file data_30.cif (mmCIF, C-alpha atoms)
data_coords
loop_
_atom_site.label_atom_id
_atom_site.label_comp_id
_atom_site.auth_asym_id
_atom_site.auth_seq_id
_atom_site.Cartn_x
_atom_site.Cartn_y
_atom_site.Cartn_z
CA MET A 144 -10.14 106.40 102.74
CA PRO A 145 -8.97 109.94 101.98
CA THR A 146 -5.62 110.89 103.42
CA THR A 147 -4.50 114.29 104.56
CA THR A 148 -1.18 115.79 103.57
CA PRO A 149 1.08 116.40 106.58
CA ILE A 150 1.73 120.05 107.26
CA THR A 151 5.31 121.22 106.68
CA LYS A 152 7.17 122.91 109.52
CA THR A 153 10.52 124.52 108.69
CA VAL A 154 13.01 124.59 111.55
CA TYR A 155 15.94 127.02 111.30
CA ILE A 156 18.89 126.43 113.65
CA VAL A 157 21.18 129.35 114.50
CA PRO A 158 24.38 127.86 115.98
CA ARG A 159 26.44 128.73 119.02
CA TRP A 160 29.52 130.96 118.90
CA ALA A 161 31.92 129.50 116.26
CA GLY A 162 29.41 126.72 115.58
CA ALA A 163 28.50 125.41 112.15
CA ALA A 164 25.66 123.40 110.67
CA ASN A 165 27.39 120.06 111.32
CA ASN A 166 28.24 120.69 114.99
CA ASP A 167 26.75 119.52 118.27
CA TRP A 168 23.16 118.20 118.07
CA TYR A 169 22.19 120.06 114.89
CA PRO A 170 22.49 117.16 112.36
CA TRP A 171 21.09 114.73 114.91
CA LEU A 172 18.03 116.92 115.45
CA GLY A 173 17.24 116.80 111.77
CA SER A 174 17.34 113.01 111.67
CA GLN A 175 15.31 112.72 114.88
CA LEU A 176 12.56 115.00 113.60
CA ALA A 177 12.47 113.09 110.33
CA ALA A 178 11.98 109.89 112.33
CA ALA A 179 9.13 111.50 114.28
CA ALA A 180 7.39 112.93 111.22
CA GLU A 181 4.86 110.14 110.77
CA GLU A 182 3.93 110.02 114.46
CA ASP A 183 3.55 113.81 114.63
CA ASP A 184 1.85 114.02 111.21
CA ILE A 185 4.29 116.81 110.40
CA ASN A 186 6.79 117.10 107.56
CA TYR A 187 9.84 118.60 109.28
CA GLN A 188 12.27 120.56 107.14
CA VAL A 189 15.39 121.37 109.17
CA ARG A 190 17.92 123.99 108.09
CA ALA A 191 20.99 124.33 110.28
CA LEU A 192 22.64 127.58 109.23
CA ASN A 193 26.27 128.37 108.58
CA MET A 194 26.29 131.92 109.88
CA PRO A 195 28.73 134.41 108.33
CA ALA A 196 32.06 134.91 110.14
CA TRP A 197 30.68 133.07 113.15
CA ASP A 198 34.10 132.76 114.81
CA LEU A 199 33.63 136.44 115.67
CA PRO A 200 29.90 137.07 115.28
CA VAL A 201 28.72 140.59 114.49
CA ILE A 202 25.11 141.52 115.23
CA GLU A 203 24.42 143.55 112.12
CA ARG A 204 25.86 140.92 109.82
CA ALA A 205 23.92 138.17 111.56
CA VAL A 206 20.62 140.05 111.19
CA GLU A 207 21.34 140.80 107.55
CA TYR A 208 22.07 137.15 106.83
CA LEU A 209 18.94 135.94 108.62
CA ARG A 210 16.85 138.38 106.61
CA GLU A 211 18.39 136.92 103.44
CA VAL A 212 17.82 133.30 104.46
CA LEU A 213 14.37 133.98 105.89
CA PRO A 214 12.87 137.12 104.36
CA PRO A 215 10.10 138.72 106.43
CA SER A 216 7.60 137.86 103.69
CA GLN A 217 8.22 134.15 104.38
CA LEU A 218 7.48 134.32 108.09
CA ASN A 219 4.40 132.38 109.15
CA GLU A 220 3.08 129.96 111.76
CA ASN A 221 4.97 127.08 110.15
CA VAL A 222 8.41 128.59 110.82
CA ILE A 223 10.24 127.60 114.01
CA LEU A 224 13.50 129.22 115.06
CA VAL A 225 15.99 127.38 117.25
CA GLY A 226 18.91 129.28 118.72
CA HIS A 227 21.91 127.89 120.58
CA SER A 228 23.84 130.22 122.89
CA VAL A 229 24.62 133.43 120.96
CA GLY A 230 22.24 132.18 118.27
CA CYS A 231 19.39 133.01 120.64
CA LEU A 232 20.38 136.67 120.72
CA ALA A 233 20.81 136.69 116.95
CA ILE A 234 17.21 135.49 116.61
CA LEU A 235 15.92 138.19 118.98
CA HIS A 236 17.77 140.94 117.10
CA TYR A 237 16.40 139.59 113.81
CA LEU A 238 12.79 139.40 115.03
CA ALA A 239 13.00 142.88 116.57
CA SER A 240 14.26 144.33 113.29
CA VAL A 241 11.47 142.66 111.34
CA ALA A 242 8.82 143.82 113.80
CA LYS A 243 9.99 147.42 113.66
CA GLU A 244 10.66 147.70 109.93
CA GLU A 245 7.81 145.72 108.39
CA GLU A 246 4.32 147.20 108.23
CA LYS A 247 2.40 144.02 109.00
CA PRO A 248 4.81 141.24 110.00
CA ARG A 249 3.32 137.82 110.64
CA LYS A 250 3.85 135.72 113.72
CA ILE A 251 6.03 132.65 113.49
CA GLY A 252 5.32 129.21 114.92
CA GLY A 253 7.68 129.49 117.86
CA VAL A 254 11.20 129.98 119.18
CA LEU A 255 13.39 127.62 121.18
CA CYS A 256 16.43 129.12 122.91
CA VAL A 257 18.98 126.55 124.08
CA ALA A 258 21.61 127.75 126.57
CA GLY A 259 20.55 131.30 125.84
CA TRP A 260 22.27 134.02 127.87
CA PHE A 261 22.19 137.75 128.46
CA SER A 262 25.61 137.81 130.13
CA VAL A 263 28.53 135.44 130.60
CA ASP A 264 30.91 135.00 133.52
CA SER A 265 34.19 135.93 131.82
CA PRO A 266 33.33 138.04 128.77
CA TRP A 267 35.79 139.12 126.12
CA GLN A 268 35.41 142.18 123.91
CA ASP A 269 33.54 140.56 121.04
CA ILE A 270 31.02 138.99 123.36
CA LEU A 271 30.65 142.28 125.27
CA ASN A 272 29.36 143.76 122.03
CA TRP A 273 26.45 141.30 122.20
CA MET A 274 25.91 141.73 125.93
CA HIS A 275 25.71 145.53 125.72
CA ALA A 276 23.76 145.88 122.47
CA PRO A 277 20.16 146.92 123.18
CA VAL A 278 17.41 144.58 122.03
CA ASP A 279 13.82 145.67 121.63
CA TYR A 280 12.42 142.66 123.47
CA GLU A 281 8.85 143.92 123.22
CA ALA A 282 9.10 144.21 119.45
CA ALA A 283 10.67 140.76 119.09
CA ARG A 284 8.00 139.24 121.33
CA THR A 285 5.18 140.49 119.10
CA LEU A 286 6.18 137.96 116.44
CA ILE A 287 6.09 134.98 118.83
CA PRO A 288 2.79 133.49 120.04
CA GLN A 289 2.24 133.81 123.76
CA ASP A 290 3.09 130.23 124.74
CA LYS A 291 5.65 129.56 122.01
CA LEU A 292 8.91 130.91 123.43
CA MET A 293 10.77 128.11 125.21
CA VAL A 294 14.16 128.33 126.90
CA LEU A 295 16.34 125.43 128.05
CA LEU A 296 19.06 126.25 130.59
CA SER A 297 21.47 124.08 132.56
CA ASP A 298 22.33 124.34 136.24
CA ASP A 299 26.04 123.85 135.49
CA ASP A 300 26.63 125.92 132.36
CA PRO A 301 30.36 126.78 132.47
CA TYR A 302 29.78 130.15 130.80
CA THR A 303 26.79 131.39 132.81
CA SER A 304 26.88 130.25 136.41
CA GLY A 305 24.02 132.58 137.41
CA TYR A 306 21.35 130.45 135.78
CA LYS A 307 18.64 131.59 138.21
CA GLU A 308 19.22 135.25 137.31
CA ASN A 309 19.31 134.27 133.66
CA GLU A 310 16.00 132.45 134.04
CA GLN A 311 14.46 135.51 135.68
CA LEU A 312 15.56 137.75 132.80
CA TRP A 313 14.06 135.41 130.20
CA VAL A 314 10.76 135.53 132.05
CA GLU A 315 10.75 139.27 132.77
CA ARG A 316 11.95 140.44 129.37
CA LEU A 317 10.15 137.98 127.10
CA GLN A 318 7.60 136.06 129.19
CA SER A 319 9.41 132.84 128.28
CA GLN A 320 8.71 129.31 129.42
CA VAL A 321 12.01 128.32 131.02
CA SER A 322 13.16 124.82 131.95
CA ILE A 323 16.27 124.35 134.11
CA LEU A 324 17.88 120.99 133.37
CA SER A 325 20.53 119.31 135.48
CA GLY A 326 24.09 118.66 134.35
CA ARG A 327 23.73 119.74 130.72
CA GLN A 328 26.58 122.28 130.74
CA HIS A 329 26.27 124.31 127.49
CA PHE A 330 24.09 121.79 125.63
CA SER A 331 26.91 120.90 123.25
CA ALA A 332 26.42 117.11 123.19
CA GLU A 333 25.80 115.42 119.87
CA LEU A 334 22.28 114.44 120.88
CA ASP A 335 19.74 115.99 123.19
CA LEU A 336 16.27 114.56 123.64
CA ASP A 337 14.99 117.64 125.46
CA VAL A 338 15.86 119.84 122.48
CA ARG A 339 14.13 117.42 120.12
CA ASP A 340 10.99 117.20 122.23
CA ALA A 341 10.79 120.96 122.72
CA VAL A 342 10.83 121.47 118.94
CA ARG A 343 8.14 118.82 118.52
CA ASP A 344 6.08 120.56 121.17
CA LEU A 345 6.40 123.93 119.43
CA ALA A 346 5.41 122.30 116.14
CA GLY A 347 2.31 120.80 117.71
CA GLY A 348 3.50 117.22 117.42
CA LEU A 349 4.24 116.56 121.08
CA LYS A 350 2.80 118.04 124.25
CA LEU A 351 5.40 118.00 127.01
CA TYR A 352 6.42 121.49 128.08
CA PRO A 353 6.66 123.52 130.24
CA MET A 354 8.79 121.30 132.46
CA MET A 355 9.70 123.66 135.25
CA ALA A 356 12.41 122.72 137.74
#

call {"tool": "encode", "arguments": {"input": "data_30.cif", "output": "structure tokens"}}
result
Amino acid sequence: MPTTTPITKTVYIVPRWAGAANNDWYPWLGSQLAAAAEEDDINYQVRALNMPAWDLPVIERAVEYLREVLPPSQLNENVILVGHSVGCLAILHYLASVAKEEEKPRKIGGVLCVAGWFSVDSPWQDILNWMHAPVDYEAARTLIPQDKLMVLLSDDDPYTSGYKENEQLWVERLQSQVSILSGRQHFSAELDLDVRDAVRDLAGGLKLYPMMA
């Protein structure tokens, strides 16, 4: 019998503040997706990024680096972006820049924002730079299919206690599908099944979300 070649989905992970490719659930996610590849009939290629100077992230440098790692010409429906904390904002700034500067940018496969925030409870100056920097949400949203922007938030995140307000902003600004999970803090555990399954859902290998709380 003829066999079909599994489609390849490339998953880029943009870490949290001061995070690196080997932190938190990033390596685990790669191994979990590899284990699910046969069931999903998808060849997952996972790239957890080591962002430049990520101890004190700078927006412009982050966008420049993302454009180097993932040039606009390589964007397509088989690219999935996963952001963690400040990595979510880095992705939005990157997509907005591509949408505004490229003549005919292509949509990507989807975006997952884990513990994404627009403000934090006790900001310091470097994080204020991210909170106050304008983002063209409408431009960024044009590169994401309608039902392919997922957000996972926790009801006890130590950095953003106003998770309901945060949820509302994700919906109002970007028409996101938001799931509020209980007791996950800042999603910094070494494994997280909800993150894994959300990526599989975005890739078309698993149909679970939205899981509204």

call {"tool": "resolve_selection", "arguments": {"input": "data_30.cif", "expression": "the PyMOL selection byres ((chain A and resi 295) around 8)", "output": "VMD selection string"}}
result
chain A and resid 255 to 259 293 to 294 296 to 297 321 to 324 338

call {"tool": "resolve_selection", "arguments": {"input": "data_30.cif", "expression": "the PyMOL selection byres ((chain A and resi 186) around 6)", "output": "list in words"}}
result
Pro149, Ile150, Thr151, Ala180, Ile185 and Tyr187 of chain A

call {"tool": "resolve_selection", "arguments": {"input": "data_30.cif", "expression": "the PyMOL selection byres ((chain A and resi 169) around 12)", "output": "PyMOL selection string"}}
result
chain A and resi 154-159+162-168+170-176+189-193+225-227+257+330-336+338-339

call {"tool": "closest_residue", "arguments": {"input": "data_30.cif", "among": "A:Ala346, A:Ala196, A:Ala178, A:Ala283", "to": "Val241 in chain A", "atoms": "only C-alpha atoms"}}
result
A:Ala283

call {"tool": "closest_residue", "arguments": {"input": "data_30.cif", "among": "A:Ile251, A:Leu317, A:His329, A:Arg284", "to": "Asp298 in chain A", "atoms": "all atoms listed in the file"}}
result
A:His329

call {"tool": "residues_around", "arguments": {"input": "data_30.cif", "residues": "Leu218 in chain A", "least_positions_apart": "2", "cutoff": "9 Å", "atoms": "all atoms listed in the file", "output": "mmCIF file with C-alpha atoms, in the coordinates of the input"}}
result
data_model
loop_
_atom_site.group_PDB
_atom_site.id
_atom_site.type_symbol
_atom_site.label_atom_id
_atom_site.label_comp_id
_atom_site.auth_asym_id
_atom_site.auth_seq_id
_atom_site.Cartn_x
_atom_site.Cartn_y
_atom_site.Cartn_z
ATOM 1 C CA LEU A 213 14.370 133.980 105.890
ATOM 2 C CA PRO A 214 12.870 137.120 104.360
ATOM 3 C CA PRO A 215 10.100 138.720 106.430
ATOM 4 C CA SER A 216 7.600 137.860 103.690
ATOM 5 C CA GLU A 220 3.080 129.960 111.760
ATOM 6 C CA ASN A 221 4.970 127.080 110.150
ATOM 7 C CA VAL A 222 8.410 128.590 110.820
ATOM 8 C CA PRO A 248 4.810 141.240 110.000
ATOM 9 C CA ARG A 249 3.320 137.820 110.640
ATOM 10 C CA LYS A 250 3.850 135.720 113.720
ATOM 11 C CA ILE A 251 6.030 132.650 113.490
ATOM 12 C CA GLY A 252 5.320 129.210 114.920
#

call {"tool": "atom_distance", "arguments": {"input": "data_30.cif", "atom1": "CA of Leu271 in chain A", "atom2": "CA of Leu232 in chain A"}}
result
12.6 Å

call {"tool": "atom_distance", "arguments": {"input": "data_30.cif", "atom1": "CA of Asp198 in chain A", "atom2": "CA of Trp160 in chain A"}}
result
6.4 Å

call {"tool": "residues_near_point", "arguments": {"input": "data_30.cif", "point": "(5.6, 120.2, 117.6)", "cutoff": "10 Å", "atoms": "only C-alpha atoms", "output": "list of chain:residue names"}}
result
A:Lys152, A:Leu176, A:Ala179, A:Ala180, A:Asp183, A:Asp184, A:Ile185, A:Tyr187, A:Ile223, A:Gly252, A:Gly253, A:Arg339, A:Asp340, A:Ala341, A:Val342, A:Arg343, A:Asp344, A:Leu345, A:Ala346, A:Gly347, A:Gly348, A:Leu349, A:Lys350, A:Leu351

call {"tool": "write_last_selection", "arguments": {"input": "data_30.cif", "atoms": "C-alpha atoms", "output": "compact mmCIF listing (two decimals), in the coordinates of the input"}}
result
# COMPACT_ATOMS: atom_id res chain seq x y z
CA LYS A 152 7.17 122.91 109.52
CA LEU A 176 12.56 115.00 113.60
CA ALA A 179 9.13 111.50 114.28
CA ALA A 180 7.39 112.93 111.22
CA ASP A 183 3.55 113.81 114.63
CA ASP A 184 1.85 114.02 111.21
CA ILE A 185 4.29 116.81 110.40
CA TYR A 187 9.84 118.60 109.28
CA ILE A 223 10.24 127.60 114.01
CA GLY A 252 5.32 129.21 114.92
CA GLY A 253 7.68 129.49 117.86
CA ARG A 339 14.13 117.42 120.12
CA ASP A 340 10.99 117.20 122.23
CA ALA A 341 10.79 120.96 122.72
CA VAL A 342 10.83 121.47 118.94
CA ARG A 343 8.14 118.82 118.52
CA ASP A 344 6.08 120.56 121.17
CA LEU A 345 6.40 123.93 119.43
CA ALA A 346 5.41 122.30 116.14
CA GLY A 347 2.31 120.80 117.71
CA GLY A 348 3.50 117.22 117.42
CA LEU A 349 4.24 116.56 121.08
CA LYS A 350 2.80 118.04 124.25
CA LEU A 351 5.40 118.00 127.01

call {"tool": "atom_distance", "arguments": {"input": "data_30.cif", "atom1": "CA of Ala161 in chain A", "atom2": "CA of Tyr280 in chain A"}}
result
24.6 Å

call {"tool": "residues_near_point", "arguments": {"input": "data_30.cif", "point": "(16.2, 143.8, 115.7)", "cutoff": "10 Å", "atoms": "only C-alpha atoms", "output": "mmCIF file with C-alpha atoms, in the coordinates of the input"}}
result
data_model
loop_
_atom_site.group_PDB
_atom_site.id
_atom_site.type_symbol
_atom_site.label_atom_id
_atom_site.label_comp_id
_atom_site.auth_asym_id
_atom_site.auth_seq_id
_atom_site.Cartn_x
_atom_site.Cartn_y
_atom_site.Cartn_z
ATOM 1 C CA ILE A 202 25.110 141.520 115.230
ATOM 2 C CA GLU A 203 24.420 143.550 112.120
ATOM 3 C CA VAL A 206 20.620 140.050 111.190
ATOM 4 C CA LEU A 232 20.380 136.670 120.720
ATOM 5 C CA ALA A 233 20.810 136.690 116.950
ATOM 6 C CA ILE A 234 17.210 135.490 116.610
ATOM 7 C CA LEU A 235 15.920 138.190 118.980
ATOM 8 C CA HIS A 236 17.770 140.940 117.100
ATOM 9 C CA TYR A 237 16.400 139.590 113.810
ATOM 10 C CA LEU A 238 12.790 139.400 115.030
ATOM 11 C CA ALA A 239 13.000 142.880 116.570
ATOM 12 C CA SER A 240 14.260 144.330 113.290
ATOM 13 C CA VAL A 241 11.470 142.660 111.340
ATOM 14 C CA ALA A 242 8.820 143.820 113.800
ATOM 15 C CA LYS A 243 9.990 147.420 113.660
ATOM 16 C CA GLU A 244 10.660 147.700 109.930
ATOM 17 C CA PRO A 277 20.160 146.920 123.180
ATOM 18 C CA VAL A 278 17.410 144.580 122.030
ATOM 19 C CA ASP A 279 13.820 145.670 121.630
ATOM 20 C CA TYR A 280 12.420 142.660 123.470
ATOM 21 C CA ALA A 282 9.100 144.210 119.450
ATOM 22 C CA ALA A 283 10.670 140.760 119.090
#
